[in-house]
file start14.csv (CSV, C-alpha atoms)
chain,number,residue,atom,x,y,z
A,317,MET,CA,-6.1,-0.8,16.9
A,318,ILE,CA,-9.5,-0.5,18.5
A,319,ILE,CA,-12.7,-0.1,16.3
A,320,SER,CA,-16.0,1.0,17.8
A,321,GLU,CA,-19.3,2.0,16.4
A,322,LYS,CA,-22.1,4.3,17.4
A,323,LEU,CA,-25.0,6.3,16.0
A,324,CYS,CA,-24.8,10.0,15.6
A,325,ASN,CA,-27.7,11.9,13.9
A,326,ASP,CA,-28.9,8.5,12.8
A,327,ILE,CA,-25.7,7.9,11.0
A,328,THR,CA,-23.3,5.1,11.8
A,329,VAL,CA,-20.0,6.5,13.1
A,330,ILE,CA,-17.1,4.1,13.1
A,331,SER,CA,-14.3,5.3,15.4
A,332,ILE,CA,-10.7,3.9,15.0
A,333,LYS,CA,-8.1,4.3,17.6
A,334,GLY,CA,-4.4,3.5,17.2
A,335,THR,CA,-2.3,2.5,14.2
A,336,ILE,CA,-3.5,1.4,10.8
A,337,ASP,CA,-0.7,-0.4,9.0
A,338,ALA,CA,0.0,-3.7,7.4
A,339,LYS,CA,-0.4,-5.5,10.7
A,340,THR,CA,-3.8,-4.0,11.6
A,341,ALA,CA,-5.3,-3.1,8.3
A,342,PRO,CA,-6.7,-6.6,7.7
A,343,GLU,CA,-8.7,-6.3,10.9
A,344,LEU,CA,-10.2,-3.0,9.6
A,345,LYS,CA,-11.1,-4.6,6.3
A,346,LYS,CA,-12.9,-7.4,8.1
A,347,PHE,CA,-14.8,-5.1,10.5
A,348,ASP,CA,-18.4,-6.1,10.3
A,349,SER,CA,-20.4,-2.9,10.6
A,350,ALA,CA,-24.0,-3.1,11.9
A,351,SER,CA,-25.0,-0.5,9.3
A,352,ALA,CA,-26.9,-1.5,6.2
A,353,ALA,CA,-24.7,-1.9,3.1
A,354,ASP,CA,-26.4,1.0,1.3
A,355,SER,CA,-26.5,3.4,4.3
A,356,PRO,CA,-23.9,6.2,4.8
A,357,VAL,CA,-21.1,5.7,7.2
A,358,VAL,CA,-18.8,8.2,8.9
A,359,ILE,CA,-15.3,7.1,9.9
A,360,ASP,CA,-13.9,9.1,12.8
A,361,LEU,CA,-10.1,9.2,12.5
A,362,SER,CA,-9.4,11.5,15.4
A,363,ASP,CA,-7.6,8.8,17.5
A,364,VAL,CA,-5.5,7.4,14.6
A,365,ASP,CA,-1.9,8.0,15.4
A,366,PHE,CA,-0.4,6.5,12.3
A,367,LEU,CA,-1.7,5.5,8.9
A,368,ASP,CA,0.3,4.0,6.1
A,369,SER,CA,-0.5,2.7,2.6
A,370,SER,CA,-2.0,-0.5,3.9
A,371,GLY,CA,-4.4,1.5,6.1
A,372,LEU,CA,-5.2,3.8,3.2
A,373,GLY,CA,-6.0,0.8,1.0
A,374,ALA,CA,-8.3,-0.6,3.7
A,375,LEU,CA,-10.2,2.7,3.9
A,376,VAL,CA,-10.4,2.8,0.1
A,377,GLY,CA,-11.7,-0.8,0.0
A,378,ILE,CA,-14.4,0.1,2.5
A,379,ALA,CA,-15.4,3.1,0.4
A,380,ARG,CA,-15.5,1.0,-2.7
A,381,ILE,CA,-17.8,-1.6,-1.2
A,382,LYS,CA,-20.1,1.1,0.2
A,383,ARG,CA,-20.2,2.8,-3.2
A,384,ASP,CA,-21.0,-0.4,-5.0
A,385,HIS,CA,-24.0,-0.9,-2.7
A,386,GLY,CA,-25.2,2.6,-3.1
A,387,GLY,CA,-23.8,4.0,0.2
A,388,ASN,CA,-20.9,6.3,0.9
A,389,VAL,CA,-18.1,6.8,3.4
A,390,THR,CA,-17.4,10.2,4.9
A,391,LEU,CA,-14.2,10.8,6.8
A,392,ALA,CA,-13.8,13.1,9.9
A,393,CYS,CA,-11.1,14.5,12.2
A,394,MET,CA,-7.9,13.7,10.3
A,395,ASN,CA,-4.8,14.8,12.1
A,396,ASN,CA,-1.9,16.2,10.1
A,397,LYS,CA,-0.1,12.9,9.7
A,398,VAL,CA,-3.2,11.1,8.4
A,399,ARG,CA,-4.0,14.1,6.1
A,400,LYS,CA,-0.5,14.0,4.6
A,401,VAL,CA,-1.1,10.4,3.4
A,402,PHE,CA,-4.3,11.4,1.7
A,403,GLU,CA,-2.7,14.4,0.1
A,404,ILE,CA,0.4,12.8,-1.3
A,405,THR,CA,-1.7,10.0,-2.9
A,406,GLN,CA,-4.6,12.3,-3.8
A,407,VAL,CA,-6.9,9.8,-2.3
A,408,TYR,CA,-8.7,12.7,-0.6
A,409,LYS,CA,-10.5,13.1,-3.9
A,410,LEU,CA,-12.4,9.9,-3.3
A,411,PHE,CA,-13.9,11.0,0.0
A,412,ASP,CA,-15.9,13.8,1.6
A,413,ILE,CA,-13.7,14.9,4.5
A,414,TYR,CA,-14.8,17.1,7.5
A,415,ASP,CA,-13.0,18.5,10.5
A,416,ASP,CA,-15.5,17.1,13.0
A,417,VAL,CA,-17.9,14.2,13.3
A,418,GLU,CA,-21.0,16.4,13.7
A,419,ALA,CA,-20.5,18.1,10.3
A,420,ALA,CA,-19.7,14.8,8.7
A,421,THR,CA,-22.9,13.2,9.9
A,422,LEU,CA,-25.0,16.1,9.0
A,423,ASN,CA,-23.6,16.1,5.5
A,424,ALA,CA,-23.9,12.3,5.2
A,425,VAL,CA,-27.6,12.6,6.0
A,426,LYS,CA,-28.2,15.0,3.1
A,427,LYS,CA,-26.7,12.6,0.6
B,97,MET,CA,26.2,8.4,12.7
B,98,THR,CA,25.3,5.0,11.6
B,99,THR,CA,22.6,2.9,13.3
B,100,MET,CA,21.5,-0.5,12.3
B,101,MET,CA,18.5,-2.6,13.3
B,102,THR,CA,17.7,-6.2,12.3
B,103,LEU,CA,14.2,-7.5,12.7
B,104,PRO,CA,12.4,-10.7,11.8
B,105,ALA,CA,10.7,-10.5,8.4
B,106,ASP,CA,7.3,-10.6,10.1
B,107,ILE,CA,4.6,-8.0,9.8
B,108,ARG,CA,4.2,-8.0,13.5
B,109,TYR,CA,7.4,-6.0,13.7
B,110,VAL,CA,6.3,-3.3,11.2
B,111,ARG,CA,5.3,-0.8,13.9
B,112,LEU,CA,8.6,-1.3,15.7
B,113,ALA,CA,10.4,-0.5,12.5
B,114,SER,CA,8.4,2.6,11.8
B,115,LEU,CA,8.6,3.9,15.4
B,116,ALA,CA,12.3,3.4,15.4
B,117,ALA,CA,12.6,5.4,12.2
B,118,LEU,CA,10.5,8.2,13.7
B,119,LYS,CA,12.7,8.4,16.7
B,120,ILE,CA,15.9,8.3,14.8
B,121,ALA,CA,14.7,11.1,12.5
B,122,GLU,CA,13.7,13.1,15.6
B,123,ILE,CA,17.1,12.7,17.2
B,124,PHE,CA,18.8,13.6,13.9
B,125,THR,CA,16.8,16.8,13.6
B,126,GLU,CA,17.4,17.7,17.2
B,127,CYS,CA,21.1,17.1,16.8
B,128,ILE,CA,21.4,19.5,13.9
B,129,ASN,CA,18.7,21.9,14.9
B,130,SER,CA,18.9,21.9,18.7
B,131,LYS,CA,15.1,22.2,18.7
B,132,THR,CA,12.2,19.8,18.5
B,133,GLY,CA,12.3,17.8,15.3
B,134,ASN,CA,10.5,18.8,12.2
B,135,GLU,CA,7.2,16.9,12.2
B,136,ASP,CA,7.0,16.5,8.4
B,137,PHE,CA,10.6,15.3,8.0
B,138,CYS,CA,10.3,12.8,10.8
B,139,HIS,CA,6.9,11.5,9.6
B,140,ALA,CA,8.4,11.0,6.1
B,141,PHE,CA,10.9,8.5,7.6
B,142,GLU,CA,8.2,6.8,9.8
B,143,LEU,CA,6.1,6.3,6.7
B,144,ALA,CA,8.8,5.3,4.3
B,145,VAL,CA,10.3,2.7,6.6
B,146,SER,CA,6.8,1.3,7.2
B,147,GLU,CA,6.3,1.0,3.5
B,148,ALA,CA,9.7,-0.5,2.7
B,149,PHE,CA,9.5,-3.0,5.6
B,150,THR,CA,6.0,-4.1,4.6
B,151,ASN,CA,7.2,-4.6,1.0
B,152,SER,CA,10.1,-6.8,2.2
B,153,VAL,CA,7.8,-8.9,4.4
B,154,LEU,CA,5.2,-9.3,1.6
B,155,HIS,CA,7.9,-10.4,-0.9
B,156,ALA,CA,9.6,-12.8,1.4
B,157,GLU,CA,9.2,-16.4,0.2
B,158,PRO,CA,8.4,-19.0,2.9
B,159,CYS,CA,11.4,-20.9,3.9
B,160,GLU,CA,12.7,-23.0,6.8
B,161,ILE,CA,15.2,-20.4,7.9
B,162,GLU,CA,13.7,-17.4,9.6
B,163,LYS,CA,14.4,-14.4,7.4
B,164,THR,CA,15.3,-11.0,8.6
B,165,ILE,CA,15.2,-7.4,7.4
B,166,THR,CA,17.9,-5.0,8.3
B,167,ILE,CA,17.2,-1.2,8.5
B,168,SER,CA,20.2,1.1,8.7
B,169,TYR,CA,20.5,4.8,9.0
B,170,CYS,CA,23.4,7.1,8.2
B,171,SER,CA,23.6,10.8,8.2
B,172,ASN,CA,25.7,13.9,7.6
B,173,SER,CA,25.0,17.4,8.6
B,174,HIS,CA,22.0,17.8,6.3
B,175,ASN,CA,20.9,14.4,5.0
B,176,LEU,CA,19.4,11.3,6.6
B,177,THR,CA,19.5,8.1,4.7
B,178,THR,CA,17.8,4.8,5.6
B,179,THR,CA,18.5,1.6,3.8
B,180,VAL,CA,16.2,-1.4,4.0
B,181,SER,CA,17.9,-4.7,3.1
B,182,ASP,CA,16.5,-8.2,2.7
B,183,THR,CA,17.5,-11.5,1.0
B,184,ASN,CA,14.3,-11.9,-1.0
B,185,PRO,CA,14.5,-12.7,-4.7
B,186,PRO,CA,15.5,-9.7,-6.8
B,187,PHE,CA,12.8,-7.6,-8.3
B,188,ALA,CA,12.4,-5.0,-10.9
B,189,ILE,CA,11.7,-1.6,-9.4
B,190,VAL,CA,9.5,0.5,-11.6
B,191,THR,CA,8.5,4.2,-11.5
B,192,PRO,CA,5.2,4.0,-9.7
B,193,SER,CA,2.0,5.6,-10.9
B,194,LEU,CA,-1.5,5.7,-9.5
B,195,ASN,CA,-4.9,5.8,-11.0
B,196,ILE,CA,-7.1,6.5,-7.9
B,197,SER,CA,-10.3,6.7,-9.9
B,198,SER,CA,-10.5,2.9,-9.9
B,199,TYR,CA,-10.3,2.9,-6.1
B,200,PRO,CA,-7.2,0.8,-5.9
B,201,GLU,CA,-6.6,-0.9,-2.5
B,202,GLN,CA,-2.9,-1.6,-3.3
B,203,GLY,CA,0.0,0.1,-5.0
B,204,TYR,CA,0.4,3.1,-2.8
B,205,GLY,CA,3.6,2.1,-1.0
B,206,LEU,CA,6.3,2.7,-3.5
B,207,PHE,CA,4.5,5.7,-4.8
B,208,MET,CA,4.5,7.3,-1.4
B,209,ILE,CA,8.2,6.5,-0.8
B,210,HIS,CA,9.0,8.4,-4.0
B,211,GLN,CA,6.8,11.3,-2.9
B,212,LEU,CA,8.3,11.5,0.6
B,213,MET,CA,12.0,11.1,-0.2
B,214,ASP,CA,14.4,13.2,-2.2
B,215,THR,CA,16.3,10.1,-3.5
B,216,VAL,CA,15.2,6.5,-3.8
B,217,SER,CA,17.6,3.8,-5.2
B,218,TYR,CA,17.5,0.1,-5.4
B,219,THR,CA,20.5,-2.2,-5.7
B,220,ARG,CA,21.0,-5.9,-5.7
B,221,GLU,CA,24.4,-6.9,-4.2
B,222,ASP,CA,25.8,-10.1,-2.6
B,223,GLY,CA,22.3,-11.6,-2.5
B,224,PHE,CA,20.7,-8.6,-0.8
B,225,ASN,CA,18.1,-6.2,-2.1
B,226,ARG,CA,18.8,-2.8,-0.8
B,227,ILE,CA,16.4,0.2,-1.0
B,228,SER,CA,18.0,3.4,0.1
B,229,MET,CA,16.0,6.5,0.8
B,230,THR,CA,17.5,9.9,1.4
B,231,LYS,CA,15.9,13.1,2.5
B,232,GLN,CA,17.5,16.4,3.0
B,233,TYR,CA,16.7,18.4,6.1
B,234,HIS,CA,15.9,22.0,5.2
B,235,MET,CA,16.5,24.5,7.9
B,236,LYS,CA,13.5,26.6,8.3
B,237,GLU,CA,13.7,30.3,9.1
B,238,GLY,CA,13.8,30.7,12.9
B,239,ASN,CA,14.9,27.0,13.4
B,240,ASN,CA,18.6,27.7,13.3
B,241,PRO,CA,20.5,26.8,16.4
call {"tool": "encode", "arguments": {"input": "start14.csv", "output": "structure tokens"}}
result
Amino acid sequence: MIISEKLCNDITVISIKGTIDAKTAPELKKFDSASAADSPVVIDLSDVDFLDSSGLGALVGIARIKRDHGGNVTLACMNNKVRKVFEITQVYKLFDIYDDVEAATLNAVKK
Amino acid sequence: MTTMMTLPADIRYVRLASLAALKIAEIFTECINSKTGNEDFCHAFELAVSEAFTNSVLHAEPCEIEKTITISYCSNSHNLTTTVSDTNPPFAIVTPSLNISSYPEQGYGLFMIHQLMDTVSYTREDGFNRISMTKQYHMKEGNNP
């Protein structure tokens, strides 16, 4: 799994590439974003080829920490396999989800 | 068809286990369907085996002897069953429920297995925990051989 970070429309976009499972999820949990704790973050999932419950838990954990500090996490570019995991667990209800990063960052700015 | 795979009870092998499940499910669907495998059906096995393997690793007690996890597959003309076996201590399997409003970081695995599979059973036999997961392959219109 590769995690990278960039700015888009003044919003921090974290891009994840590869598999997020029990082996790699701890790395995601520990990722130290350069963004302020209370600022919004967009997570680009377009290059995630597989996500299981461990990966889902890591994303929920990041969202909870952001929420506790007054920030929020928006998700973008889920493929069908990733979307399926969010649907069967209903975790999609915890996130704003967009089909592309541009829309996600524009929405995150408004919040 | 019966296929068996034994791996160390080590989380480093979880992706190997799930990718093997994906491939076996793809081959199964191609055998009975003669076309490219059904993506949802195959993904269900990829996910379910990832979850069951992870649970086995997490529940393994440290010991001097290297523990293993065995994943077997058997099929008939319309079902594929995978069984994940380990020698961990026995555990009580409970019907999982989720309350996502509390932003839980754990507890999704077994819930997902039940959502993905048609039948999930747990047995304790001869010192082995065995979780068997079966899913029926539904022929879609236009997918018939």
call {"tool": "closest_atom_pairs", "arguments": {"input": "start14.csv", "of": "chain B", "to": "chain A", "cutoff": "12 Å", "atoms": "only C-alpha atoms", "output": "Markdown table"}}
result
| residue | atom | partner | partner_atom | distance |
| --- | --- | --- | --- | --- |
| B:Asp106 | CA | A:Lys339 | CA | 9.3 |
| B:Ile107 | CA | A:Lys339 | CA | 5.7 |
| B:Arg108 | CA | A:Lys339 | CA | 5.9 |
| B:Tyr109 | CA | A:Lys339 | CA | 8.4 |
| B:Val110 | CA | A:Lys339 | CA | 7.1 |
| B:Arg111 | CA | A:Asp337 | CA | 7.8 |
| B:Leu112 | CA | A:Lys339 | CA | 11.1 |
| B:Ala113 | CA | A:Asp337 | CA | 11.6 |
| B:Ser114 | CA | A:Phe366 | CA | 9.6 |
| B:Leu115 | CA | A:Phe366 | CA | 9.9 |
| B:Leu118 | CA | A:Phe366 | CA | 11.1 |
| B:Glu135 | CA | A:Lys397 | CA | 8.7 |
| B:Asp136 | CA | A:Lys397 | CA | 8.1 |
| B:Phe137 | CA | A:Lys397 | CA | 11.1 |
| B:Cys138 | CA | A:Lys397 | CA | 10.5 |
| B:His139 | CA | A:Lys397 | CA | 7.1 |
| B:Ala140 | CA | A:Lys397 | CA | 9.4 |
| B:Phe141 | CA | A:Asp368 | CA | 11.6 |
| B:Glu142 | CA | A:Phe366 | CA | 9.0 |
| B:Leu143 | CA | A:Asp368 | CA | 6.3 |
| B:Ala144 | CA | A:Asp368 | CA | 8.8 |
| B:Val145 | CA | A:Asp368 | CA | 10.1 |
| B:Ser146 | CA | A:Asp368 | CA | 7.1 |
| B:Glu147 | CA | A:Ser369 | CA | 7.1 |
| B:Ala148 | CA | A:Ser369 | CA | 10.7 |
| B:Phe149 | CA | A:Ala338 | CA | 9.7 |
| B:Thr150 | CA | A:Ala338 | CA | 6.6 |
| B:Asn151 | CA | A:Ala338 | CA | 9.7 |
| B:Ser152 | CA | A:Ala338 | CA | 11.8 |
| B:Val153 | CA | A:Ala338 | CA | 9.8 |
| B:Leu154 | CA | A:Ala338 | CA | 9.6 |
| B:Pro192 | CA | A:Thr405 | CA | 11.4 |
| B:Ser193 | CA | A:Thr405 | CA | 9.9 |
| B:Leu194 | CA | A:Thr405 | CA | 7.9 |
| B:Asn195 | CA | A:Thr405 | CA | 9.7 |
| B:Ile196 | CA | A:Val407 | CA | 6.5 |
| B:Ser197 | CA | A:Leu410 | CA | 7.6 |
| B:Ser198 | CA | A:Arg380 | CA | 9.0 |
| B:Tyr199 | CA | A:Val376 | CA | 6.2 |
| B:Pro200 | CA | A:Gly373 | CA | 7.0 |
| B:Glu201 | CA | A:Gly373 | CA | 3.9 |
| B:Gln202 | CA | A:Gly373 | CA | 5.8 |
| B:Gly203 | CA | A:Ser369 | CA | 8.0 |
| B:Tyr204 | CA | A:Ser369 | CA | 5.5 |
| B:Gly205 | CA | A:Ser369 | CA | 5.5 |
| B:Leu206 | CA | A:Ser369 | CA | 9.1 |
| B:Phe207 | CA | A:Thr405 | CA | 7.8 |
| B:Met208 | CA | A:Ile404 | CA | 6.9 |
| B:Ile209 | CA | A:Ile404 | CA | 10.0 |
| B:His210 | CA | A:Ile404 | CA | 10.0 |
| B:Gln211 | CA | A:Ile404 | CA | 6.8 |
| B:Leu212 | CA | A:Ile404 | CA | 8.2 |
| B:Met213 | CA | A:Ile404 | CA | 11.8 |
call {"tool": "atom_distance", "arguments": {"input": "start14.csv", "atom1": "atom CA of Ser355 of chain A", "atom2": "atom CA of Asn388 of chain A"}}
result
7.2 Å
call {"tool": "atom_distance", "arguments": {"input": "start14.csv", "atom1": "atom CA of Pro342 of chain A", "atom2": "atom CA of Ile413 of chain A"}}
result
22.8 Å
call {"tool": "residues_around", "arguments": {"input": "start14.csv", "residues": "segment 351-353 of chain A", "least_positions_apart": "6", "cutoff": "7 Å", "atoms": "only C-alpha atoms", "output": "CSV table (one decimal) with C-alpha atoms, in the coordinates of the input"}}
result
chain,number,residue,atom,x,y,z
A,328,THR,CA,-23.3,5.1,11.8
A,382,LYS,CA,-20.1,1.1,0.2
A,385,HIS,CA,-24.0,-0.9,-2.7
A,387,GLY,CA,-23.8,4.0,0.2
call {"tool": "residues_around", "arguments": {"input": "start14.csv", "residues": "Thr102 of chain B", "least_positions_apart": "5", "cutoff": "10 Å", "atoms": "only C-alpha atoms", "output": "PyMOL selection string"}}
result
chain B and resi 113+164-168+180-182
call {"tool": "atom_distance", "arguments": {"input": "start14.csv", "atom1": "atom CA of Ala188 of chain B", "atom2": "atom CA of Glu157 of chain B"}}
result
16.2 Å
call {"tool": "build_atoms", "arguments": {"input": "start14.csv", "residues": "segment 338-367 of chain A", "atoms": "N, CA and C atoms", "output": "compact mmCIF listing (two decimals), keeping the file's coordinate frame"}}
result
# COMPACT_ATOMS: atom_id res chain seq x y z
N ALA A 338 0.16 -2.39 7.98
CA ALA A 338 0.00 -3.70 7.40
C ALA A 338 -0.42 -4.78 8.39
N LYS A 339 -0.07 -4.56 9.65
CA LYS A 339 -0.40 -5.50 10.70
C LYS A 339 -1.92 -5.42 11.04
N THR A 340 -2.42 -4.19 11.12
CA THR A 340 -3.80 -4.00 11.60
C THR A 340 -4.82 -3.77 10.52
N ALA A 341 -4.38 -3.41 9.32
CA ALA A 341 -5.30 -3.10 8.30
C ALA A 341 -6.29 -4.28 7.94
N PRO A 342 -5.81 -5.53 7.95
CA PRO A 342 -6.70 -6.60 7.70
C PRO A 342 -7.92 -6.68 8.67
N GLU A 343 -7.65 -6.29 9.91
CA GLU A 343 -8.70 -6.30 10.90
C GLU A 343 -9.75 -5.20 10.55
N LEU A 344 -9.29 -4.07 10.05
CA LEU A 344 -10.20 -3.00 9.60
C LEU A 344 -11.04 -3.47 8.43
N LYS A 345 -10.38 -4.14 7.49
CA LYS A 345 -11.10 -4.60 6.30
C LYS A 345 -12.20 -5.59 6.68
N LYS A 346 -11.94 -6.39 7.70
CA LYS A 346 -12.90 -7.40 8.10
C LYS A 346 -13.98 -6.91 9.03
N PHE A 347 -13.84 -5.65 9.49
CA PHE A 347 -14.80 -5.10 10.50
C PHE A 347 -16.21 -5.23 9.93
N ASP A 348 -17.07 -5.83 10.71
CA ASP A 348 -18.40 -6.10 10.30
C ASP A 348 -19.35 -5.01 10.89
N SER A 349 -19.59 -3.95 10.12
CA SER A 349 -20.40 -2.90 10.60
C SER A 349 -21.88 -3.31 10.73
N ALA A 350 -22.55 -2.78 11.75
CA ALA A 350 -24.00 -3.10 11.90
C ALA A 350 -24.83 -2.30 10.93
N SER A 351 -24.23 -1.35 10.25
CA SER A 351 -25.00 -0.50 9.30
C SER A 351 -25.37 -1.31 8.07
N ALA A 352 -26.48 -0.92 7.46
CA ALA A 352 -26.90 -1.50 6.20
C ALA A 352 -25.86 -1.20 5.12
N ALA A 353 -25.74 -2.10 4.14
CA ALA A 353 -24.70 -1.90 3.10
C ALA A 353 -24.92 -0.62 2.31
N ASP A 354 -26.18 -0.20 2.17
CA ASP A 354 -26.40 1.00 1.30
C ASP A 354 -26.59 2.26 2.17
N SER A 355 -26.32 2.19 3.46
CA SER A 355 -26.50 3.40 4.30
C SER A 355 -25.11 4.10 4.43
N PRO A 356 -25.15 5.41 4.64
CA PRO A 356 -23.90 6.20 4.80
C PRO A 356 -23.18 5.83 6.08
N VAL A 357 -21.89 5.98 6.05
CA VAL A 357 -21.10 5.70 7.20
C VAL A 357 -20.06 6.87 7.37
N VAL A 358 -19.84 7.28 8.60
CA VAL A 358 -18.80 8.20 8.90
C VAL A 358 -17.68 7.52 9.64
N ILE A 359 -16.45 7.73 9.21
CA ILE A 359 -15.30 7.10 9.90
C ILE A 359 -14.55 8.25 10.63
N ASP A 360 -14.52 8.14 11.95
CA ASP A 360 -13.90 9.10 12.80
C ASP A 360 -12.39 8.71 12.99
N LEU A 361 -11.49 9.54 12.48
CA LEU A 361 -10.10 9.20 12.50
C LEU A 361 -9.29 10.00 13.57
N SER A 362 -10.03 10.61 14.49
CA SER A 362 -9.40 11.50 15.40
C SER A 362 -8.33 10.83 16.31
N ASP A 363 -8.50 9.55 16.59
CA ASP A 363 -7.60 8.80 17.50
C ASP A 363 -6.62 7.92 16.71
N VAL A 364 -6.50 8.14 15.40
CA VAL A 364 -5.50 7.40 14.60
C VAL A 364 -4.18 8.07 14.70
N ASP A 365 -3.20 7.40 15.27
CA ASP A 365 -1.90 8.00 15.40
C ASP A 365 -0.96 7.80 14.26
N PHE A 366 -1.27 6.81 13.44
CA PHE A 366 -0.40 6.50 12.30
C PHE A 366 -1.21 5.75 11.24
N LEU A 367 -1.05 6.15 9.99
CA LEU A 367 -1.70 5.50 8.90
C LEU A 367 -0.70 5.33 7.75
